[in-house]
Amino acid sequence: MNQANILMADEVIVALRRVIRSVELHSRNLVSTHGLTAPQATLLRALTDGPITAGGLATRVNLSQGTVTDILNRLEQRGLITRERDEEDRRRVIVDLTDKSRTILKSSPPLLQTRFTSRFNALEDWEQSLLLASLQRIAHMMDADDIVVPPVLTGESGIHSEDDVAELIKELAVRPG
C-alpha cells in the first residue's frame, strides 16, 4: 500500500470519528438540556402525530416491542406520556403525550436523524445511492454486517434508566469543556 492510500484511509477514519463524535455530542446535549435520551425523544416525537398503540409506536420508530415498553415505562414514570386501555379492544394500550412532554418537545432540538434525513433527501438520487453503497461497504469492512440497529442516531450504548441519565448529567456538569 502506498503513502497516498494510507493517507486516504486515515481521512476515512477521521471522517467516521467525526460522525461518531457528532452523534455523541448531540446525545449528551439532549440529555443535559432536556433530560431525554435520543430513544426517549424519538418516541415522544413519534407521538406528536397523535395517540397510537404501543405496538404501532414500535413499528413507527422501528424498535422492538420490548424496548419500546421499557422506554414507555420510564416516560410514564416522569409524567411524559399516558397509557390507557383501548375501549374497543382491551388488549391494546393507547399511548399519548402529556402537556409536560409537549412543552419539552417545543424547546428541544430536532433529532439528529431529522436533520440528516432532510439533507440526505436534498441530494440527487445518484449521490444518495453512492453514499449508501459506500457506508454499507465500510460497515462490511468493519465486520458490522450482522449488527442490528434501529434508525436512531444516538451516542448511547443502550437505553438508560433515569438514574443513568441523572448520573450522566452530573458527569457532564463537572467535566471541563
# chains A, B, ... in the order shown; residues from 1 in each chain; ligands from 1
>>> residues_around(residues="segment 77-84 of chain A", least_positions_apart="6", cutoff="8 Å", atoms="only C-alpha atoms", output="ChimeraX atom specification")
/A:93-101
>>> residues_around(residues="Arg45 of chain A", least_positions_apart="5", cutoff="9 Å", atoms="only C-alpha atoms", output="list in words")
Gln40, Leu105 and Leu111 of chain A
>>> write_last_selection(atoms="N, CA, C and O atoms", output="tab-separated table (two decimals), in the first residue's frame")
chain	number	residue	atom	x	y	z
A	40	GLN	N	-35.78	8.08	23.87
A	40	GLN	CA	-36.96	8.69	24.50
A	40	GLN	C	-37.50	9.82	23.64
A	40	GLN	O	-38.71	9.92	23.40
A	105	LEU	N	-40.83	19.09	24.22
A	105	LEU	CA	-40.58	18.93	22.79
A	105	LEU	C	-40.50	20.27	22.06
A	105	LEU	O	-39.75	20.40	21.09
A	111	LEU	N	-34.15	16.07	16.31
A	111	LEU	CA	-33.33	14.88	16.38
A	111	LEU	C	-32.29	14.92	15.27
A	111	LEU	O	-32.55	15.42	14.18
>>> select_by_dssp(residues="chain A", states="helix (DSSP H, G or I)", output="number ranges by chain")
A: 3-34, 38-49, 54-61, 65-77, 99-107, 112-121, 125-141, 162-174
